[in-house]
Structure formats: C-alpha cells, structure tokens
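J.: Provided below: final-v2.cif, containing mmCIF, C-alpha atoms.
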```
data_query
loop_
_atom_site.group_PDB
_atom_site.id
_atom_site.type_symbol
_atom_site.label_atom_id
_atom_site.label_comp_id
_atom_site.auth_asym_id
_atom_site.auth_seq_id
_atom_site.Cartn_x
_atom_site.Cartn_y
_atom_site.Cartn_z
ATOM 1 C CA MET V 1 0.000 0.000 0.000
ATOM 2 C CA LYS V 2 2.776 2.380 0.960
ATOM 3 C CA LYS V 3 4.507 1.571 -2.313
ATOM 4 C CA LYS V 4 1.371 2.560 -4.293
ATOM 5 C CA VAL V 5 1.090 5.834 -2.368
ATOM 6 C CA MET V 6 4.723 6.642 -3.062
ATOM 7 C CA ILE V 7 4.255 5.961 -6.783
ATOM 8 C CA LEU V 8 1.112 8.136 -6.823
ATOM 9 C CA LEU V 9 2.891 11.066 -5.134
ATOM 10 C CA LEU V 10 5.826 10.787 -7.538
ATOM 11 C CA TYR V 11 3.405 10.866 -10.503
ATOM 12 C CA VAL V 12 1.556 13.923 -9.174
ATOM 13 C CA SER V 13 4.800 15.861 -8.547
ATOM 14 C CA THR V 14 6.030 14.999 -12.036
ATOM 15 C CA LEU V 15 2.824 16.340 -13.604
ATOM 16 C CA ALA V 16 3.074 19.547 -11.546
ATOM 17 C CA ALA V 17 6.646 20.121 -12.733
ATOM 18 C CA VAL V 18 5.661 19.626 -16.375
ATOM 19 C CA PHE V 19 2.748 22.107 -16.155
ATOM 20 C CA SER V 20 4.947 24.595 -14.312
ATOM 21 C CA THR V 21 7.593 24.407 -17.068
ATOM 22 C CA LYS V 22 4.979 24.973 -19.826
ATOM 23 C CA ALA V 23 3.505 27.924 -17.973
ATOM 24 C CA TYR V 24 6.961 29.554 -17.656
ATOM 25 C CA ALA V 25 7.670 28.965 -21.330
ATOM 26 C CA GLN V 26 4.384 30.639 -22.291
ATOM 27 C CA ASP V 27 5.118 33.638 -20.047
ATOM 28 C CA ALA V 28 8.582 33.999 -21.573
ATOM 29 C CA ASP V 29 7.182 33.833 -25.112
ATOM 30 C CA THR V 30 4.612 36.464 -24.222
ATOM 31 C CA ASP V 31 7.326 38.835 -23.002
ATOM 32 C CA ILE V 32 9.386 38.389 -26.176
ATOM 33 C CA ASP V 33 6.447 38.860 -28.537
ATOM 34 C CA TYR V 34 4.912 41.761 -26.611
ATOM 35 C CA GLU V 35 4.538 44.998 -28.549
ATOM 36 C CA GLY V 36 3.451 47.945 -26.479
ATOM 37 C CA VAL V 37 4.327 51.480 -25.463
ATOM 38 C CA ILE V 38 6.991 50.257 -23.035
ATOM 39 C CA ASP V 39 9.476 47.815 -24.506
ATOM 40 C CA TYR V 40 12.777 47.410 -22.708
ATOM 41 C CA ARG V 41 14.421 46.079 -25.878
ATOM 42 C CA GLU V 42 13.503 49.197 -27.846
ATOM 43 C CA ASP V 43 14.860 51.405 -25.065
ATOM 44 C CA ILE V 44 18.187 49.586 -25.199
ATOM 45 C CA ALA V 45 18.330 49.902 -28.985
ATOM 46 C CA SER V 46 17.669 53.644 -28.793
ATOM 47 C CA ALA V 47 20.361 54.042 -26.177
ATOM 48 C CA GLU V 48 22.863 52.340 -28.466
ATOM 49 C CA ILE V 49 21.967 54.520 -31.456
ATOM 50 C CA THR V 50 21.931 57.873 -29.667
ATOM 51 C CA GLU V 51 24.632 57.247 -27.088
ATOM 52 C CA GLY V 52 26.152 60.635 -26.221
ATOM 53 C CA ASN V 53 23.563 62.376 -28.415
ATOM 54 C CA ALA V 54 21.056 64.798 -26.922
ATOM 55 C CA HIS V 55 19.082 65.316 -30.150
ATOM 56 C CA GLY V 56 16.595 62.478 -29.726
ATOM 57 C CA GLU V 57 15.353 59.587 -31.809
ATOM 58 C CA GLU V 58 15.291 61.545 -35.080
ATOM 59 C CA SER V 59 19.059 62.088 -35.097
ATOM 60 C CA VAL V 60 21.567 60.041 -37.055
ATOM 61 C CA THR V 61 25.344 59.772 -36.738
ATOM 62 C CA VAL V 62 26.852 60.819 -40.076
ATOM 63 C CA SER V 63 30.551 60.514 -39.193
ATOM 64 C CA ASP V 64 32.847 60.951 -36.206
ATOM 65 C CA ASN V 65 31.543 63.794 -34.014
ATOM 66 C CA VAL V 66 28.880 64.715 -36.582
ATOM 67 C CA ILE V 67 25.156 64.180 -35.977
ATOM 68 C CA TYR V 68 22.261 65.080 -38.252
ATOM 69 C CA ASP V 69 19.024 66.032 -36.521
ATOM 70 C CA LYS V 70 16.076 65.343 -38.813
ATOM 71 C CA ALA V 71 13.758 67.390 -36.619
ATOM 72 C CA ASP V 72 15.471 70.732 -37.317
ATOM 73 C CA GLN V 73 17.469 69.589 -40.393
ATOM 74 C CA MET V 74 20.794 70.672 -38.908
ATOM 75 C CA TYR V 75 24.229 69.050 -38.738
ATOM 76 C CA TYR V 76 25.796 69.211 -35.271
ATOM 77 C CA TYR V 77 29.563 69.096 -34.676
ATOM 78 C CA GLU V 78 30.871 68.242 -31.217
ATOM 79 C CA LEU V 79 33.321 70.763 -29.773
ATOM 80 C CA THR V 80 35.107 71.283 -26.509
ATOM 81 C CA GLY V 81 32.430 72.711 -24.247
ATOM 82 C CA GLY V 82 29.540 72.477 -26.668
ATOM 83 C CA GLU V 83 28.545 72.047 -30.294
ATOM 84 C CA ILE V 84 27.751 73.999 -33.461
ATOM 85 C CA GLY V 85 24.860 73.305 -35.789
ATOM 86 C CA MET V 86 24.648 74.205 -39.487
ATOM 87 C CA ASN V 87 22.090 73.582 -42.213
ATOM 88 C CA VAL V 88 24.946 72.399 -44.465
ATOM 89 C CA PRO V 89 27.881 70.136 -43.598
ATOM 90 C CA SER V 90 31.358 71.508 -42.976
ATOM 91 C CA GLY V 91 33.246 71.676 -46.271
ATOM 92 C CA ALA V 92 30.095 72.398 -48.263
ATOM 93 C CA ILE V 93 29.684 74.623 -51.303
ATOM 94 C CA THR V 94 26.265 76.248 -51.458
ATOM 95 C CA THR V 95 24.511 79.105 -53.222
ATOM 96 C CA GLU V 96 22.019 79.472 -50.355
ATOM 97 C CA PRO V 97 22.315 81.246 -46.966
ATOM 98 C CA VAL V 98 23.958 79.268 -44.145
ATOM 99 C CA LYS V 99 22.272 79.178 -40.742
ATOM 100 C CA LEU V 100 24.343 78.654 -37.583
ATOM 101 C CA SER V 101 23.385 77.460 -34.112
ATOM 102 C CA TYR V 102 25.834 76.905 -31.278
ATOM 103 C CA THR V 103 25.833 76.150 -27.579
ATOM 104 C CA LYS V 104 25.275 79.117 -25.312
ATOM 105 C CA GLY V 105 28.574 80.302 -23.910
ATOM 106 C CA LEU V 106 30.597 79.561 -27.034
ATOM 107 C CA SER V 107 32.030 82.637 -28.729
ATOM 108 C CA PRO V 108 33.046 81.695 -32.264
ATOM 109 C CA ALA V 109 35.004 84.035 -34.525
ATOM 110 C CA ILE V 110 33.648 84.070 -38.090
ATOM 111 C CA TYR V 111 35.897 84.975 -41.026
ATOM 112 C CA CYS V 112 34.941 85.525 -44.663
ATOM 113 C CA ASP V 113 37.792 85.545 -47.178
ATOM 114 C CA GLY V 114 40.166 86.168 -44.277
ATOM 115 C CA ASN V 115 38.257 89.173 -42.923
ATOM 116 C CA LYS V 116 36.463 88.958 -39.580
ATOM 117 C CA VAL V 117 32.673 89.187 -39.758
ATOM 118 C CA GLU V 118 31.692 91.696 -37.088
ATOM 119 C CA SER V 119 27.937 91.036 -37.016
ATOM 120 C CA VAL V 120 25.558 88.290 -38.127
ATOM 121 C CA THR V 121 21.818 88.830 -38.577
ATOM 122 C CA ASP V 122 19.609 86.050 -37.151
ATOM 123 C CA ASP V 123 22.636 83.706 -37.040
ATOM 124 C CA THR V 124 22.420 83.515 -40.844
ATOM 125 C CA LEU V 125 25.244 84.216 -43.297
ATOM 126 C CA THR V 126 24.228 85.407 -46.762
ATOM 127 C CA GLU V 127 27.224 87.154 -48.373
ATOM 128 C CA SER V 128 29.333 85.232 -50.882
ATOM 129 C CA GLY V 129 32.775 84.101 -49.790
ATOM 130 C CA ARG V 130 34.896 81.384 -48.170
ATOM 131 C CA TYR V 131 33.935 81.106 -44.501
ATOM 132 C CA THR V 132 35.789 79.731 -41.517
ATOM 133 C CA VAL V 133 34.179 79.556 -38.066
ATOM 134 C CA LEU V 134 36.906 79.453 -35.427
ATOM 135 C CA PHE V 135 36.243 78.208 -31.889
ATOM 136 C CA ASP V 136 39.707 78.428 -30.341
ATOM 137 C CA ALA V 137 42.742 80.650 -30.776
ATOM 138 C CA LEU V 138 44.885 77.819 -32.166
ATOM 139 C CA GLY V 139 42.405 77.023 -34.909
ATOM 140 C CA LYS V 140 42.097 73.367 -33.922
ATOM 141 C CA GLU V 141 38.301 73.435 -33.803
ATOM 142 C CA THR V 142 36.854 74.956 -36.955
ATOM 143 C CA VAL V 143 34.141 74.429 -39.526
ATOM 144 C CA ASP V 144 34.274 75.894 -43.022
ATOM 145 C CA PHE V 145 32.060 76.308 -46.066
ATOM 146 C CA THR V 146 31.723 78.423 -49.202
ATOM 147 C CA ILE V 147 28.734 80.538 -50.197
ATOM 148 C CA ALA V 148 29.195 80.936 -53.936
ATOM 149 C CA PRO V 149 27.408 83.282 -56.351
ATOM 150 C CA GLU V 150 25.909 81.709 -59.465
ATOM 151 C CA VAL V 151 28.968 82.865 -61.430
ATOM 152 C CA THR V 152 32.026 82.301 -59.285
ATOM 153 C CA SER V 153 35.800 82.196 -59.105
ATOM 154 C CA LEU V 154 35.778 80.985 -55.493
ATOM 155 C CA THR V 155 36.423 77.306 -56.158
ATOM 156 C CA TYR V 156 38.747 75.109 -58.192
ATOM 157 C CA GLY V 157 37.283 71.833 -56.942
ATOM 158 C CA PHE V 158 34.826 70.208 -54.555
ATOM 159 C CA THR V 159 35.747 67.491 -52.065
ATOM 160 C CA VAL V 160 32.724 65.854 -50.498
ATOM 161 C CA PRO V 161 32.758 65.934 -46.649
ATOM 162 C CA ASP V 162 33.388 62.765 -44.617
ATOM 163 C CA GLY V 163 30.289 60.600 -44.382
ATOM 164 C CA PHE V 164 28.900 61.967 -47.675
ATOM 165 C CA LYS V 165 29.036 60.919 -51.312
ATOM 166 C CA ILE V 166 28.462 62.552 -54.679
ATOM 167 C CA PHE V 167 25.325 61.239 -56.366
ATOM 168 C CA SER V 168 25.553 63.321 -59.536
ATOM 169 C CA ALA V 169 28.080 65.696 -61.105
ATOM 170 C CA ILE V 170 27.436 67.337 -64.486
ATOM 171 C CA TYR V 171 29.833 69.668 -66.340
ATOM 172 C CA ASP V 172 28.418 71.578 -69.317
ATOM 173 C CA GLY V 173 25.859 68.828 -69.888
ATOM 174 C CA THR V 174 28.335 65.943 -69.536
ATOM 175 C CA GLU V 175 28.046 63.477 -66.639
ATOM 176 C CA LEU V 176 31.235 63.207 -64.593
ATOM 177 C CA SER V 177 32.295 60.011 -62.859
ATOM 178 C CA SER V 178 33.176 60.917 -59.302
ATOM 179 C CA ALA V 179 32.220 59.698 -55.832
ATOM 180 C CA SER V 180 34.244 62.053 -53.648
ATOM 181 C CA TYR V 181 35.909 64.857 -55.676
ATOM 182 C CA VAL V 182 35.022 67.083 -58.636
ATOM 183 C CA ASP V 183 37.778 69.006 -60.429
ATOM 184 C CA MET V 184 36.410 72.483 -61.206
ATOM 185 C CA THR V 185 39.495 74.114 -62.717
ATOM 186 C CA LYS V 186 37.875 74.256 -66.166
ATOM 187 C CA GLU V 187 35.532 77.150 -66.772
ATOM 188 C CA GLY V 188 31.921 76.218 -67.362
ATOM 189 C CA LYS V 189 28.677 75.203 -65.657
ATOM 190 C CA TYR V 190 28.725 72.598 -62.873
ATOM 191 C CA SER V 191 25.694 70.953 -61.253
ATOM 192 C CA ILE V 192 26.479 68.706 -58.278
ATOM 193 C CA ILE V 193 24.223 66.647 -56.006
ATOM 194 C CA TYR V 194 25.692 65.104 -52.852
ATOM 195 C CA GLY V 195 24.458 63.885 -49.502
ATOM 196 C CA SER V 196 24.530 61.332 -46.708
ATOM 197 C CA GLU V 197 22.918 57.942 -47.253
ATOM 198 C CA ASP V 198 22.775 57.318 -43.502
ATOM 199 C CA ALA V 199 20.981 60.603 -42.830
ATOM 200 C CA GLY V 200 18.952 60.491 -46.023
ATOM 201 C CA THR V 201 19.983 64.040 -46.946
ATOM 202 C CA ARG V 202 20.571 65.572 -50.347
ATOM 203 C CA HIS V 203 22.281 68.873 -51.130
ATOM 204 C CA SER V 204 22.840 70.449 -54.536
ATOM 205 C CA PHE V 205 24.420 73.511 -56.100
ATOM 206 C CA THR V 206 24.797 74.847 -59.620
ATOM 207 C CA VAL V 207 27.503 77.378 -60.446
ATOM 208 C CA THR V 208 29.244 78.709 -63.509
ATOM 209 C CA VAL V 209 32.991 78.796 -62.908
ATOM 210 C CA ASP V 210 34.865 81.814 -64.306
ATOM 211 C CA HIS V 211 38.560 82.231 -63.536
ATOM 212 C CA THR V 212 39.347 84.863 -66.202
ATOM 213 C CA PRO V 213 40.027 88.356 -64.776
ATOM 214 C CA PRO V 214 38.739 91.472 -66.584
ATOM 215 C CA GLU V 215 41.260 93.350 -68.748
ATOM 216 C CA LEU V 216 42.173 96.830 -70.035
ATOM 217 C CA LEU V 217 44.300 97.326 -73.149
ATOM 218 C CA LEU V 218 46.059 100.545 -71.998
ATOM 219 C CA GLU V 219 47.684 100.992 -75.404
ATOM 220 C CA ALA V 220 49.212 104.334 -74.437
ATOM 221 C CA VAL V 221 51.136 102.815 -71.534
ATOM 222 C CA VAL V 222 54.645 101.564 -72.318
ATOM 223 C CA ASP V 223 56.773 100.013 -69.570
ATOM 224 C CA GLY V 224 54.558 101.590 -66.944
ATOM 225 C CA TYR V 225 54.625 105.131 -68.368
ATOM 226 C CA ALA V 226 52.429 107.209 -70.649
ATOM 227 C CA ASP V 227 53.350 110.499 -72.329
ATOM 228 C CA GLY V 228 49.769 111.485 -73.027
ATOM 229 C CA PRO V 229 46.138 110.608 -72.268
ATOM 230 C CA VAL V 230 45.290 106.978 -71.415
ATOM 231 C CA ASP V 231 42.117 105.471 -72.878
ATOM 232 C CA ILE V 232 40.216 103.105 -70.523
ATOM 233 C CA SER V 233 36.907 103.076 -72.411
ATOM 234 C CA ASP V 234 37.315 99.330 -73.082
ATOM 235 C CA LYS V 235 36.410 98.544 -69.445
ATOM 236 C CA PRO V 236 34.088 95.482 -69.409
ATOM 237 C CA GLU V 237 30.510 96.613 -68.820
ATOM 238 C CA ASP V 238 29.890 94.152 -65.974
ATOM 239 C CA ALA V 239 33.116 94.980 -64.116
ATOM 240 C CA SER V 240 33.427 97.485 -61.306
ATOM 241 C CA ILE V 241 36.381 99.876 -61.377
ATOM 242 C CA THR V 242 38.336 101.788 -58.752
ATOM 243 C CA ILE V 243 40.795 104.497 -59.835
ATOM 244 C CA LEU V 244 43.395 106.015 -57.533
ATOM 245 C CA LEU V 245 45.402 109.059 -58.634
ATOM 246 C CA ASN V 246 48.312 109.744 -56.301
ATOM 247 C CA ASP V 247 46.555 107.514 -53.686
ATOM 248 C CA SER V 248 43.277 109.469 -53.871
ATOM 249 C CA GLU V 249 40.181 107.941 -55.476
ATOM 250 C CA ILE V 250 38.771 109.714 -58.518
ATOM 251 C CA ALA V 251 35.646 109.155 -60.600
ATOM 252 C CA TYR V 252 35.708 106.945 -63.676
ATOM 253 C CA THR V 253 36.167 108.657 -67.015
ATOM 254 C CA LYS V 254 36.807 107.017 -70.354
ATOM 255 C CA GLU V 255 40.076 108.926 -70.764
ATOM 256 C CA LEU V 256 42.655 109.781 -68.116
ATOM 257 C CA THR V 257 44.429 113.064 -68.839
ATOM 258 C CA ARG V 258 45.892 114.322 -65.556
ATOM 259 C CA SER V 259 49.534 113.609 -64.877
ATOM 260 C CA GLY V 260 50.430 111.499 -61.843
ATOM 261 C CA THR V 261 50.597 107.921 -60.542
ATOM 262 C CA TYR V 262 47.554 105.752 -61.243
ATOM 263 C CA LYS V 263 46.326 102.493 -59.733
ATOM 264 C CA ILE V 264 43.283 100.906 -61.368
ATOM 265 C CA THR V 265 41.459 97.843 -59.975
ATOM 266 C CA LEU V 266 38.824 95.925 -61.922
ATOM 267 C CA GLU V 267 36.530 93.238 -60.450
ATOM 268 C CA ASP V 268 33.985 91.162 -62.350
ATOM 269 C CA PRO V 269 30.801 89.531 -60.950
ATOM 270 C CA ALA V 270 32.647 86.231 -60.428
ATOM 271 C CA GLY V 271 35.106 87.929 -58.072
ATOM 272 C CA ASN V 272 38.100 87.944 -60.430
ATOM 273 C CA LYS V 273 40.318 90.994 -59.966
ATOM 274 C CA SER V 274 43.010 92.702 -62.020
ATOM 275 C CA THR V 275 45.167 95.681 -61.043
ATOM 276 C CA TYR V 276 47.106 98.104 -63.251
ATOM 277 C CA GLN V 277 49.658 100.699 -62.155
ATOM 278 C CA PHE V 278 51.271 103.356 -64.367
ATOM 279 C CA VAL V 279 52.409 106.978 -64.478
ATOM 280 C CA ILE V 280 51.207 109.674 -66.824
ATOM 281 C CA ARG V 281 54.122 112.035 -67.247
ATOM 282 C CA ILE V 282 53.763 115.785 -67.787
ATOM 283 C CA TYR V 283 52.951 116.344 -71.441
ATOM 284 C CA PHE V 284 51.676 119.094 -73.742
ATOM 285 C CA ASN V 285 48.164 118.845 -75.074
ATOM 286 C CA PHE V 286 46.006 121.433 -76.857
ATOM 287 C CA ASN V 287 45.201 123.241 -73.632
ATOM 288 C CA SER V 288 48.860 123.320 -72.699
ATOM 289 C CA TRP V 289 49.852 124.763 -76.052
ATOM 290 C CA ALA V 290 47.028 127.295 -75.867
ATOM 291 C CA PHE V 291 48.186 128.346 -72.413
ATOM 292 C CA LEU V 292 51.772 128.673 -73.630
ATOM 293 C CA GLY V 293 50.590 130.689 -76.634
ATOM 294 C CA ILE V 294 48.659 133.070 -74.420
ATOM 295 C CA LEU V 295 51.592 133.325 -72.028
ATOM 296 C CA ALA V 296 53.944 134.092 -74.903
ATOM 297 C CA LEU V 297 51.554 136.717 -76.239
ATOM 298 C CA VAL V 298 51.376 138.390 -72.835
ATOM 299 C CA ILE V 299 55.167 138.428 -72.608
ATOM 300 C CA VAL V 300 55.430 140.000 -76.091
ATOM 301 C CA VAL V 301 52.885 142.667 -75.174
ATOM 302 C CA ILE V 302 54.763 143.484 -71.966
ATOM 303 C CA LEU V 303 58.098 143.723 -73.812
ATOM 304 C CA ALA V 304 56.556 145.908 -76.532
ATOM 305 C CA TYR V 305 55.115 148.189 -73.897
ATOM 306 C CA LEU V 306 58.446 148.468 -72.113
ATOM 307 C CA ILE V 307 60.270 149.289 -75.352
ATOM 308 C CA TYR V 308 57.654 151.838 -76.322
ATOM 309 C CA SER V 309 57.798 153.426 -72.906
ATOM 310 C CA LYS V 310 61.606 153.660 -73.071
ATOM 311 C CA LYS V 311 61.552 155.357 -76.497
ATOM 312 C CA THR V 312 58.965 157.827 -75.290
ATOM 313 C CA LEU V 313 61.146 158.767 -72.346
ATOM 314 C CA ARG V 314 64.147 159.421 -74.650
ATOM 315 C CA VAL V 315 62.229 161.731 -76.904
ATOM 316 C CA ARG V 316 61.270 163.855 -73.945
#
```
Give the structure from the file, written as structure tokens.
T.:
Amino acid sequence: MKKKVMILLLYVSTLAAVFSTKAYAQDADTDIDYEGVIDYREDIASAEITEGNAHGEESVTVSDNVIYDKADQMYYYELTGGEIGMNVPSGAITTEPVKLSYTKGLSPAIYCDGNKVESVTDDTLTESGRYTVLFDALGKETVDFTIAPEVTSLTYGFTVPDGFKIFSAIYDGTELSSASYVDMTKEGKYSIIYGSEDAGTRHSFTVTVDHTPPELLLEAVVDGYADGPVDISDKPEDASITILLNDSEIAYTKELTRSGTYKITLEDPAGNKSTYQFVIRIYFNFNSWAFLGILALVIVVILAYLIYSKKTLRVR
C-alpha cells in the first residue's frame, strides 16, 4: 500500500513540474512577442543609437563627431564645451544662406575671405565668400564652407565631406564620374548633387565657374609710363572699377588726362580681380599749347610796352 502511495505522489509531482515548465515557457514567449508602449528592448536599442547624443530619436550619426538632426534639419559638430549646428555640412559649397546654431557660452570668430565678420543677422550668413568659423585661438576646432554666387571664381574643386558621397556631377551637360571629388578648374557650368545615405539628406548647387580676370588694353602705356592721355573706355561693362590718382580715389572717365601715378582695380561679378599701375608724365596737349601761346603773347605785349615806354622817355 505504501509503495502505491509513493508511486502516486511521484506521478503527481512529475505532472506539476511539467505544467509549471509549460507555464513559464508561455510567459517567456509572451514577453518576447509583446509589442506595447513600453518595450525594454527598444529602449536599449535607442540608447545604443543615440549614445552621447542629446538630439533624440530623429538624429543620425553621419561621421565621427557629426550628428544630423532630422527634426530641425541641422548638422551638429561636437566641440570642446559644446557644439555647433549648421544647415549644411562643414566643407560644403552652397549658393544658399547658411544658418548657424551653437551652444550658449561659445564665442566663435567668423571669417569671410580672411576678414572677420563683425555682425551676423539672425545667425544667418548670406554674403558670398569662403567662410571659416573658429572656436579656439589655435584654430584646432573649426568648420568651413563656401557661399558661392551663381557665377564664381571661389572654387577650383569640390571634395565631399566625410560621411557623404556625390550622387551626380554634371559639367556643361556631360556626366562626370566621381564619388568624392570634382575638379572644377575648367571654366563652365557645374551641377552637383551630394548627400549622406545614412541621414537620407541631399544637397545640390549649380555654379558657372569663371577664372578669367577682366582686362584693359592701356595701349598708351609703355613700360609703366604714358606720355599722353590713357584710354580706358574698353572697361568690361559688368566689371566694377576703382581708380586712384596719387593715392586718392577719382571718378571713372573714359580717358585719363591728368599727370600722376595711377592704380586701377577691376573686379567682375565672379570675383576675379586685375590691377594696373602706371604713371602719366607731364605732357603738352592742346590746352597746354594754348596756355603757352597766351603766355607768350602776354610776354610780347609786356616787352613791346616796355620798349615803347623807353623810347617815349628818350624823346622827352
């Protein structure tokens, strides 16, 4: 009898263990398949993606120390003590304004073509030029970009920033084969599309490259000197001109007639410049000869008067 009871107890305990194991397995499966607002696995995944990133779930790491925030469509670069955000990546060429955003307390120095920008309206840069934003005196932490006019001399090539690729590059209607660099030394029209596959961004710019400076013939100038008027009427219509005579600016005229040292600077819409320096020596023109003729006539009249006066005195 005792043996039957022992067997019965062993059977019951075995059944209980089996049902307990199945119940645990079902609970575990339920946890794994559960999809709800709170999911510890999703939280871990987000933490891995945005580790060290305060821009939230819509941000993507583009390259080392560079994050793209899809919410505000800005690229953020990590710096000592903060970060800077831009609507274009560092190293970009664009024909559009560039918007900046940086951590409060940072005091960047902004330079355009080597000249410090003293004021920025609404943290947006609009003037054409090569920009560098400097965050420390040694220049170790900088971002740079170029705002180019539609016709430009500002670039001789485009290197795509790290983490980006060139999707399309067209030169005067011909497709160029390039993934990271476009040679722009040849004059002509370039249309380039580039972006980040990870961030899903696309940027484009179209510019006409012009590296030829404006010219003046200055036929009257020989070896830096002119012995008469200098014709500058062949100035290109679209070029601006600055004329200095003996270091003082004078208004543009088609012919320069005054003697002295001249410095003429031309600049075309693409930003190409040319400078000419020469001297117009003292010379005799019609006015000079007329003045000399009048002066000579006055001298003759004075001499005649003196002679006449002397003869009159003798007769007396």
J.: With a distance cut-off of 9 Å and all atoms listed in the file, select the neighbouring residues of region 82-95 of chain V, excluding the residue or stretch itself and same-chain residues fewer than 6 positions from it, and output the selection as a ChimeraX atom specification.
T.: /V:66,68,72-76,101-106,128,142-150,155,158-161,203-207
J.: How many Å lie between CA of His211 (chain V) and CA of Ala239 (chain V), rounded to one decimal?
T.: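 If I compute the distance from CA of His211 (chain V) to CA of Ala239 (chain V), I get 13.9 Å.
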J.: Nearest residue to Asp113 (chain V) out of V:Thr132, V:Ser191, V:Thr212, V:Ser59, using only C-alpha atoms?
T.: V:Thr132
J.: State, in Å with one decimal place, the distance from CA of Ser259 (chain V) to CA of Thr242 (chain V).
T.: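 We find that CA of Ser259 (chain V) and CA of Thr242 (chain V) lie 17.4 Å from each other.
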J.: Name the closest residue to Glu219 (chain V) among the candidates V:Asp123, V:Glu187, V:Asp198, V:Glu255; distances are taken between atoms, counting all atoms listed in the file.
T.: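 When distances to Glu219 (chain V) are compared using all atoms listed in the file, the smallest one comes from V:Glu255.
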J.: Interatomic distance between CA of Pro213 (chain V) and CA of Gly271 (chain V)?
T.: 8.3 Å
J.: Do you know which residues the PyMOL selection byres ((chain V and resi 237) around 12) returns on this file, as a list of chain:residue names?
T.: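 With the PyMOL selection byres ((chain V and resi 237) around 12) on this model, the match is V:Pro214, V:Glu215, V:Leu216, V:Ile232, V:Ser233, V:Asp234, V:Lys235, V:Pro236, V:Asp238, V:Ala239, V:Ser240, V:Ile241, V:Leu266, V:Glu267, V:Asp268, V:Pro269.
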J.: When distances are computed from all atoms listed in the file, which of V:Lys99, V:Arg202, V:Lys186, V:Arg258 shows the smallest separation from Thr126 (chain V)?
T.: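 Under the stated criterion, the closest residue is V:Lys99.
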J.: As a check of understanding, name the residues that the PyMOL selection byres ((chain V and resi 190) around 9) selects in the supplied structure, as a PyMOL selection string.
T.: chain V and resi 169-173+184+188-189+191-192+205-209
J.: Please expand the PyMOL selection byres ((chain V and resi 111) around 9) into the concrete residues it hits in this file, giving the result as a ChimeraX atom specification.
T.: /V:109-110,112-118,130-134
